[in-house]
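Heads up, upload34.txt below (compact mmCIF, C-alpha atoms):
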```
# COMPACT_ATOMS: atom_id res chain seq x y z
CA MET A 1180 6.20 -51.77 70.72
CA THR A 1181 7.17 -51.23 67.10
CA GLN A 1182 7.38 -47.59 65.95
CA THR A 1183 5.86 -46.84 62.55
CA THR A 1184 8.21 -44.93 60.26
CA LYS A 1185 6.68 -42.38 57.88
CA ARG A 1186 7.72 -42.99 54.34
CA PRO A 1187 8.02 -40.07 51.94
CA SER A 1188 5.35 -40.03 49.27
CA ASP A 1189 6.45 -41.23 45.86
CA PRO A 1190 7.18 -38.18 43.62
CA GLN A 1191 6.43 -40.06 40.41
CA PRO A 1192 2.61 -39.88 40.61
CA ALA A 1193 2.82 -36.13 41.28
CA ALA A 1194 5.12 -35.59 38.29
CA SER A 1195 2.93 -37.75 36.11
CA GLY A 1196 -0.13 -35.73 37.06
CA ALA A 1197 1.65 -32.46 36.29
CA MET A 1198 2.69 -33.71 32.87
CA ARG A 1199 -0.87 -34.73 32.10
CA ARG A 1200 -2.08 -31.25 33.03
CA LEU A 1201 0.56 -29.70 30.78
CA LEU A 1202 -0.07 -31.90 27.73
CA LEU A 1203 -2.99 -30.01 26.17
CA PRO A 1204 -1.62 -26.49 26.92
CA THR A 1205 1.73 -27.57 25.44
CA LEU A 1206 0.18 -28.82 22.21
CA LEU A 1207 -1.98 -25.71 21.84
CA GLY A 1208 0.96 -23.46 22.67
CA LEU A 1209 3.20 -25.12 20.06
CA ALA A 1210 0.50 -24.76 17.40
CA ALA A 1211 -0.03 -21.07 18.26
CA LEU A 1212 3.74 -20.46 18.33
CA ALA A 1213 4.15 -22.01 14.87
CA ILE A 1214 1.40 -19.77 13.49
CA LEU A 1215 2.87 -16.60 15.02
CA LEU A 1216 6.39 -17.38 13.79
CA ASN A 1217 5.12 -18.13 10.28
CA LEU A 1218 3.21 -14.84 10.20
CA GLY A 1219 6.36 -12.99 11.26
CA LEU A 1220 8.46 -14.71 8.59
CA TRP A 1221 5.80 -13.99 5.97
CA GLN A 1222 5.95 -10.29 6.84
CA LEU A 1223 9.74 -10.36 6.50
CA ASN A 1224 9.34 -11.85 3.02
CA ARG A 1225 6.83 -9.12 2.19
CA LEU A 1226 9.30 -6.53 3.46
CA ALA A 1227 12.01 -7.84 1.12
CA TRP A 1228 9.53 -7.78 -1.79
CA LYS A 1229 8.39 -4.23 -1.00
CA GLU A 1230 11.97 -2.93 -0.67
CA GLY A 1231 12.81 -4.53 -4.03
CA LEU A 1232 9.76 -2.86 -5.60
CA ILE A 1233 10.79 0.53 -4.23
CA ARG A 1234 14.31 0.11 -5.62
CA GLN A 1235 12.87 -0.86 -9.01
CA VAL A 1236 10.60 2.20 -9.09
CA GLU A 1237 13.46 4.50 -8.11
CA GLN A 1238 15.52 3.04 -10.95
CA ASN A 1239 12.63 3.33 -13.44
CA LEU A 1240 12.27 7.04 -12.69
CA THR A 1241 15.88 7.63 -13.83
CA LEU A 1242 15.50 5.86 -17.19
CA ASP A 1243 14.78 7.45 -20.56
CA PRO A 1244 11.07 7.44 -21.48
CA VAL A 1245 9.71 4.60 -23.62
CA ALA A 1246 6.62 4.59 -25.84
CA ALA A 1247 3.43 4.50 -23.79
CA PRO A 1248 1.73 1.08 -24.03
CA GLY A 1249 -1.09 1.06 -26.57
CA PRO A 1250 -4.36 -0.91 -26.65
CA ASN A 1251 -2.60 -4.18 -27.53
CA ARG A 1252 -1.07 -4.07 -24.03
CA TRP A 1253 -4.31 -3.42 -22.15
CA SER A 1254 -5.90 -6.84 -22.53
CA ALA A 1255 -5.99 -9.27 -19.62
CA GLY A 1256 -3.70 -11.72 -21.45
CA ALA A 1257 -0.97 -9.15 -22.19
CA ALA A 1258 2.12 -8.56 -20.08
CA PRO A 1259 1.30 -6.38 -17.06
CA ILE A 1260 1.90 -2.65 -17.38
CA GLY A 1261 4.37 -1.32 -14.83
CA ASP A 1262 3.42 1.55 -12.56
CA TYR A 1263 5.80 4.52 -12.27
CA LEU A 1264 7.18 3.90 -15.78
CA ARG A 1265 8.62 6.88 -17.69
CA VAL A 1266 6.82 7.13 -21.03
CA ARG A 1267 6.35 9.41 -24.02
CA VAL A 1268 3.38 9.88 -26.33
CA THR A 1269 2.58 12.12 -29.30
CA GLY A 1270 -0.81 13.60 -30.06
CA ALA A 1271 -3.00 16.55 -29.11
CA PHE A 1272 -5.01 17.66 -26.10
CA LEU A 1273 -8.80 17.63 -26.27
CA PRO A 1274 -11.06 20.19 -24.55
CA GLY A 1275 -12.02 19.86 -20.91
CA GLU A 1276 -10.55 19.19 -17.49
CA ALA A 1277 -11.22 16.75 -14.66
CA TYR A 1278 -9.87 17.13 -11.13
CA TYR A 1279 -8.39 14.52 -8.83
CA TYR A 1280 -8.50 15.69 -5.21
CA ASN A 1281 -5.29 15.29 -3.26
CA ALA A 1282 -3.03 17.01 -0.75
CA LEU A 1283 0.53 17.78 -1.81
CA THR A 1284 2.57 17.55 1.40
CA SER A 1285 6.06 17.64 -0.13
CA PRO A 1286 5.79 19.74 -3.30
CA LYS A 1287 8.74 20.06 -5.65
CA GLY A 1288 7.38 23.38 -6.89
CA HIS A 1289 5.99 26.49 -5.25
CA TYR A 1290 2.47 25.32 -4.46
CA GLY A 1291 1.38 22.65 -1.99
CA GLY A 1292 -1.34 21.73 0.47
CA PRO A 1293 -4.88 20.59 -0.40
CA GLY A 1294 -5.84 20.95 -4.01
CA TYR A 1295 -6.33 19.06 -7.26
CA PHE A 1296 -4.37 17.36 -9.99
CA VAL A 1297 -5.71 18.69 -13.28
CA HIS A 1298 -6.38 15.91 -15.80
CA ALA A 1299 -6.98 16.61 -19.49
CA PRO A 1300 -7.88 14.13 -22.24
CA PHE A 1301 -5.18 13.55 -24.86
CA ARG A 1302 -5.74 11.83 -28.20
CA THR A 1303 -2.63 10.07 -29.42
CA ASP A 1304 -1.54 9.87 -33.04
CA ASP A 1305 -2.67 6.23 -32.95
CA GLY A 1306 -6.22 7.30 -32.08
CA TRP A 1307 -6.54 6.16 -28.47
CA ILE A 1308 -7.17 8.39 -25.45
CA VAL A 1309 -5.03 8.85 -22.38
CA MET A 1310 -5.76 11.18 -19.50
CA VAL A 1311 -2.80 13.47 -18.81
CA ASN A 1312 -2.19 14.83 -15.33
CA ARG A 1313 -1.04 18.34 -16.24
CA GLY A 1314 -0.08 19.13 -12.64
CA PHE A 1315 -1.24 20.40 -9.27
CA VAL A 1316 -3.34 23.46 -8.47
CA PRO A 1317 -4.32 24.68 -4.98
CA ASP A 1318 -8.00 24.88 -4.08
CA ARG A 1319 -8.30 28.55 -4.98
CA PHE A 1320 -7.03 27.93 -8.52
CA VAL A 1321 -9.21 25.00 -9.48
CA ALA A 1322 -11.30 27.10 -11.90
CA PRO A 1323 -9.47 27.35 -15.26
CA ASP A 1324 -10.19 31.10 -15.58
CA SER A 1325 -8.38 31.70 -12.26
CA ARG A 1326 -5.12 30.43 -13.80
CA PRO A 1327 -3.87 32.96 -16.35
CA GLY A 1328 -1.88 31.38 -19.10
CA SER A 1329 -2.70 27.81 -18.12
CA ALA A 1330 -4.46 26.76 -21.33
CA VAL A 1331 -3.48 23.41 -22.76
CA PRO A 1332 -0.85 23.47 -25.51
CA ALA A 1333 -2.40 23.70 -28.97
CA GLY A 1334 -1.48 21.44 -31.85
CA PRO A 1335 0.65 18.29 -31.87
CA VAL A 1336 2.62 17.65 -28.68
CA THR A 1337 5.20 15.04 -27.78
CA LEU A 1338 4.60 14.53 -24.10
CA THR A 1339 6.84 12.80 -21.58
CA GLY A 1340 5.91 11.83 -18.06
CA ILE A 1341 5.33 9.06 -15.55
CA LEU A 1342 2.71 6.38 -16.09
CA ARG A 1343 0.37 5.86 -13.13
CA LEU A 1344 -2.11 3.01 -13.15
CA GLY A 1345 -5.76 3.80 -12.50
CA GLU A 1346 -7.23 3.32 -9.05
CA ALA A 1347 -10.24 1.19 -8.19
CA PRO A 1348 -12.52 3.00 -5.71
CA ASN A 1349 -13.14 1.10 -2.49
CA MET A 1350 -15.96 1.27 0.07
CA THR A 1351 -14.43 4.33 1.78
CA THR A 1352 -13.83 6.34 -1.42
CA PRO A 1353 -16.34 9.18 -1.86
CA ALA A 1354 -18.33 9.11 -5.07
CA PRO A 1355 -17.11 11.52 -7.75
CA ASP A 1356 -18.75 14.93 -7.96
CA LEU A 1357 -19.70 14.79 -11.63
CA ALA A 1358 -21.20 18.29 -11.64
CA ARG A 1359 -17.81 19.77 -10.71
CA ARG A 1360 -15.82 16.94 -12.37
CA ILE A 1361 -14.01 16.08 -9.14
CA TRP A 1362 -12.74 12.55 -8.50
CA PHE A 1363 -11.36 11.02 -5.31
CA ALA A 1364 -9.83 8.01 -7.07
CA ARG A 1365 -7.78 8.07 -10.25
CA ASP A 1366 -10.31 6.64 -12.72
CA PRO A 1367 -9.16 7.57 -16.26
CA ALA A 1368 -11.99 5.87 -18.16
CA ALA A 1369 -14.69 7.62 -16.09
CA MET A 1370 -12.90 10.98 -16.40
CA ALA A 1371 -12.58 10.68 -20.18
CA SER A 1372 -16.22 9.64 -20.55
CA ALA A 1373 -17.44 12.56 -18.41
CA LEU A 1374 -15.48 14.95 -20.65
CA GLY A 1375 -16.97 13.47 -23.83
CA ALA A 1376 -13.70 11.97 -25.09
CA THR A 1377 -14.55 9.02 -27.32
CA GLY A 1378 -12.36 6.12 -28.31
CA PRO A 1379 -10.32 3.47 -26.51
CA THR A 1380 -9.11 4.92 -23.19
CA ALA A 1381 -5.90 3.83 -21.51
CA PRO A 1382 -6.25 2.27 -18.04
CA PHE A 1383 -3.57 4.64 -16.80
CA VAL A 1384 -2.79 8.35 -16.68
CA ILE A 1385 0.46 10.10 -17.57
CA ASP A 1386 1.81 12.59 -15.03
CA ALA A 1387 3.43 15.26 -17.19
CA ASP A 1388 7.07 16.09 -16.49
CA ALA A 1389 7.92 19.39 -14.79
CA ALA A 1390 9.07 20.80 -18.14
CA PHE A 1391 5.40 20.99 -19.19
CA THR A 1392 4.48 23.48 -16.45
CA PRO A 1393 3.05 26.61 -18.14
CA ALA A 1394 4.88 29.92 -17.81
CA SER A 1395 2.24 31.02 -15.29
CA GLY A 1396 3.32 28.20 -12.96
CA LEU A 1397 -0.05 26.43 -12.92
CA PRO A 1398 -0.86 23.62 -13.23
CA GLN A 1399 2.38 22.69 -11.47
CA ALA A 1400 3.63 19.63 -13.36
CA GLY A 1401 6.24 17.12 -12.24
CA GLU A 1402 4.52 16.47 -8.90
CA THR A 1403 4.09 12.71 -9.08
CA VAL A 1404 3.58 11.38 -5.57
CA VAL A 1405 5.83 8.34 -5.13
CA ARG A 1406 4.55 6.74 -1.96
CA PHE A 1407 4.57 3.13 -0.81
CA LYS A 1408 3.04 1.93 2.41
CA ASN A 1409 5.73 -0.21 4.02
CA ASP A 1410 4.69 -1.37 7.47
CA HIS A 1411 5.89 -4.94 7.05
CA LEU A 1412 8.79 -4.65 9.52
CA GLY A 1413 6.44 -3.34 12.19
CA TYR A 1414 4.00 -6.17 11.51
CA ALA A 1415 6.81 -8.75 11.69
CA LEU A 1416 8.01 -7.38 15.02
CA THR A 1417 4.43 -7.50 16.31
CA TRP A 1418 4.05 -11.20 15.42
CA PHE A 1419 7.47 -12.09 16.85
CA GLY A 1420 6.64 -10.10 19.98
CA LEU A 1421 3.41 -12.03 20.41
CA ALA A 1422 5.36 -15.27 19.96
CA ALA A 1423 7.82 -14.22 22.69
CA THR A 1424 4.92 -13.27 24.96
CA LEU A 1425 3.32 -16.66 24.38
CA VAL A 1426 6.55 -18.42 25.33
CA GLY A 1427 6.80 -16.34 28.50
CA VAL A 1428 3.20 -17.06 29.49
CA TYR A 1429 3.66 -20.78 28.87
CA ILE A 1430 6.84 -20.92 30.96
CA ALA A 1431 5.12 -19.14 33.84
CA TYR A 1432 2.13 -21.46 33.63
CA ALA A 1433 4.27 -24.62 33.41
CA TRP A 1434 6.36 -23.49 36.39
CA SER A 1435 3.22 -22.97 38.47
CA VAL A 1436 1.89 -26.42 37.54
CA LEU A 1437 5.16 -28.18 38.30
CA ARG A 1438 5.47 -26.46 41.66
CA ARG A 1439 1.86 -27.09 42.66
CA PRO A 1440 1.80 -29.35 45.74
CA ASP A 1441 -0.25 -32.52 45.54
CA ALA A 1442 -3.15 -33.01 47.86
CA LYS A 1443 -1.96 -34.21 51.24
CA LYS A 1444 -2.04 -37.95 51.65
CA PRO A 1445 -3.09 -39.52 54.98
CA GLU A 1446 -0.20 -40.58 57.12
CA ALA A 1447 0.55 -44.28 57.23
```

Using structure tokens, write down the structure from this file.
Amino acid sequence: MTQTTKRPSDPQPAASGAMRRLLLPTLLGLAALAILLNLGLWQLNRLAWKEGLIRQVEQNLTLDPVAAPGPNRWSAGAAPIGDYLRVRVTGAFLPGEAYYYNALTSPKGHYGGPGYFVHAPFRTDDGWIVMVNRGFVPDRFVAPDSRPGSAVPAGPVTLTGILRLGEAPNMTTPAPDLARRIWFARDPAAMASALGATGPTAPFVIDADAAFTPASGLPQAGETVVRFKNDHLGYALTWFGLAATLVGVYIAYAWSVLRRPDAKKPEA
């Protein structure tokens, strides 16, 4: 009587089936990995750009002031006006004040905390208007009569300070309180209009240098807030972390597929 010998099953069909099961997950995983890596690299490029911008601003703040850009530089076709540029302008202050709400967390002077940057209209010798940020006042000193000796300088003034571009309000910005002349976004044209200043208005304000602080100490000039949001490294690490997680998940899945036993075949 001839004894039947059991032959081991051919491993090739099992391997072929596993590869078929892995084909679609592999293609999708490679596509997702490419996207995550590109997002991480893009954030690293943004980080390099932001660090270069910060270095440029820090350098600009050490330079001698240049003439503030006039109306010929405000048009859309003109060269862009740089933020945080040290400038000078000659003219005279006009009556009135507007207030830009802010919180001074790292004051250079005596006063800090929640309060307002006092903005006053300034007519230049060339006839155009620029809003001048005369400095910071705490909440309790927002009323002009509560600040002894804080009246604007009379007569012609040559002013130096830091140019700050206007801000466009977004959906979360509260509307200005026109009755109290309080703004929550730096909007020089709206401020000048509310104060009755007529004429071409610069799309920027000038933060007066600390030397223009009145003898009374208020408004406290020279308090330009130099702040850049720079989260690009954290974003890059997040994308690269997700890419590493994806690779780990894929390896675990592929290992489970390759080790999965085939359905038992009937014995010969």

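The space between atom CA of A:Phe1272 and atom CA of A:Ile1308 spans 9.5 Å.
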
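Proximity to A:Pro1382 was assessed for A:Glu1230, A:Glu1402, A:Asp1304, A:Asp1366 counting all atoms listed in the file; the smallest distance is recorded for A:Asp1366.
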
Excluding same-chain residues fewer than 5 positions from stretch 1222-1227 of chain A, what lies within 9 Å of it counting only C-alpha atoms, as a VMD selection string?
chain A and resid 1217 1232 1409 to 1416 1418

As an exercise, work out the distance from atom CA of A:Ala1330 to atom CA of A:Val1268 in Å and give it to one decimal place.
19.3 Å

Show which residues sit within 10 Å of A:Phe1296, as a list of chain:residue names. Count all atoms listed in the file, and ignore same-chain residues fewer than 5 positions away.
A:Glu1276, A:Ala1277, A:Tyr1278, A:Tyr1279, A:Tyr1280, A:Asn1281, A:Ala1282, A:Leu1283, A:Val1311, A:Asn1312, A:Arg1313, A:Gly1314, A:Phe1315, A:Val1316, A:Pro1317, A:Val1321, A:Ile1361, A:Trp1362, A:Arg1365, A:Asp1386, A:Pro1398, A:Gln1399, A:Ala1400, A:Glu1402, A:Thr1403

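Atom CA of A:Leu1206 lies 17.2 Å from atom CA of A:Leu1421.
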
With only C-alpha atoms counted, which protein, DNA or RNA residues have an atom no more than 12 Å from (3.2, -25.1, 21.7) in the file frame? Please answer as number ranges by chain.
A: 1201-1216, 1422-1423, 1425-1430, 1433

Which polymer residues have any atom within 8 Å of an atom of A:Leu1344, counting only C-alpha atoms, with same-chain residues fewer than 3 positions away left out, as a PDB file with C-alpha atoms, in the coordinates of the input?
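Saved the output as part.pdb:
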```
ATOM      1  CA  GLY A1261       4.370  -1.320 -14.830  1.00  0.00           C
ATOM      2  CA  ASP A1262       3.420   1.550 -12.560  1.00  0.00           C
ATOM      3  CA  PRO A1382      -6.250   2.270 -18.040  1.00  0.00           C
ATOM      4  CA  PHE A1383      -3.570   4.640 -16.800  1.00  0.00           C
ATOM      5  CA  VAL A1384      -2.790   8.350 -16.680  1.00  0.00           C
TER       6      VAL A1384
END
```

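Among the candidates A:Leu1273, A:Leu1264, A:Ala1387, A:Leu1220, the residue lying nearest to A:Gly1375 is A:Leu1273 (atoms considered: only C-alpha atoms).
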
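Nearest residue to A:Ala1368, choosing from A:Arg1439, A:His1298, A:Lys1229, A:Arg1406 and counting all atoms listed in the file: A:His1298.
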
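Using all atoms listed in the file, the protein and nucleic acid residues lying at most 10 Å from the point (0.2, 21.4, -27.4) are Thr1269, Gly1270, Ala1271, Phe1272, Leu1273, Phe1301, Ala1330, Val1331, Pro1332, Ala1333, Gly1334, Pro1335, Val1336, Thr1337, Leu1338 and Phe1391 of chain A.
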
Excluding stretch 1347-1351 of chain A and its own-chain neighbours fewer than 2 positions away, which residues fall within 9 Å of it when counting all atoms listed in the file? Please give them as a PyMOL selection string.
chain A and resi 1345+1353-1354+1363-1366
